[in-house]
Amino acid sequence: MTMDGLSMNREQRLRREALSLWKALSSDPPPRGLDGPRLLDAALGLRAPGDYDRIHSPHLRASQITRPK
């Protein structure tokens, strides 16, 4: 597994992102045994993510990213 995400499957990338979100929102360790989607739901249940922004792509520029208003 590489850190660039190229050799990771979708589930692995989702879990890695959910863990990163959890760590950004809580000082507590994440719950054990949750898969990526459930861990993401648990992390989002902690509080609103606010300024958490983790879009990583060498092909995207900030001007190309649109978000709901």
# chains A, B, ... in the order shown; residues from 1 in each chain; ligands from 1
call {"tool": "residues_around", "arguments": {"residues": "segment 18-32 of chain A", "least_positions_apart": "6", "cutoff": "7 Å", "atoms": "only C-alpha atoms", "output": "list in words"}}
result
Leu39, Leu40 and Ala43 of chain A
call {"tool": "closest_residue", "arguments": {"among": "A:Ala48, A:Thr66, A:Gly36, A:Asp41", "to": "Gln12 of chain A", "atoms": "only C-alpha atoms"}}
result
A:Gly36
call {"tool": "atom_distance", "arguments": {"atom1": "atom CA of Arg15 of chain A", "atom2": "atom CA of Ala62 of chain A"}}
result
24.2 Å
call {"tool": "atom_distance", "arguments": {"atom1": "atom CA of Ile65 of chain A", "atom2": "atom CA of Arg47 of chain A"}}
result
23.5 Å
call {"tool": "atom_distance", "arguments": {"atom1": "atom CA of Leu34 of chain A", "atom2": "atom CA of Ser7 of chain A"}}
result
21.7 Å
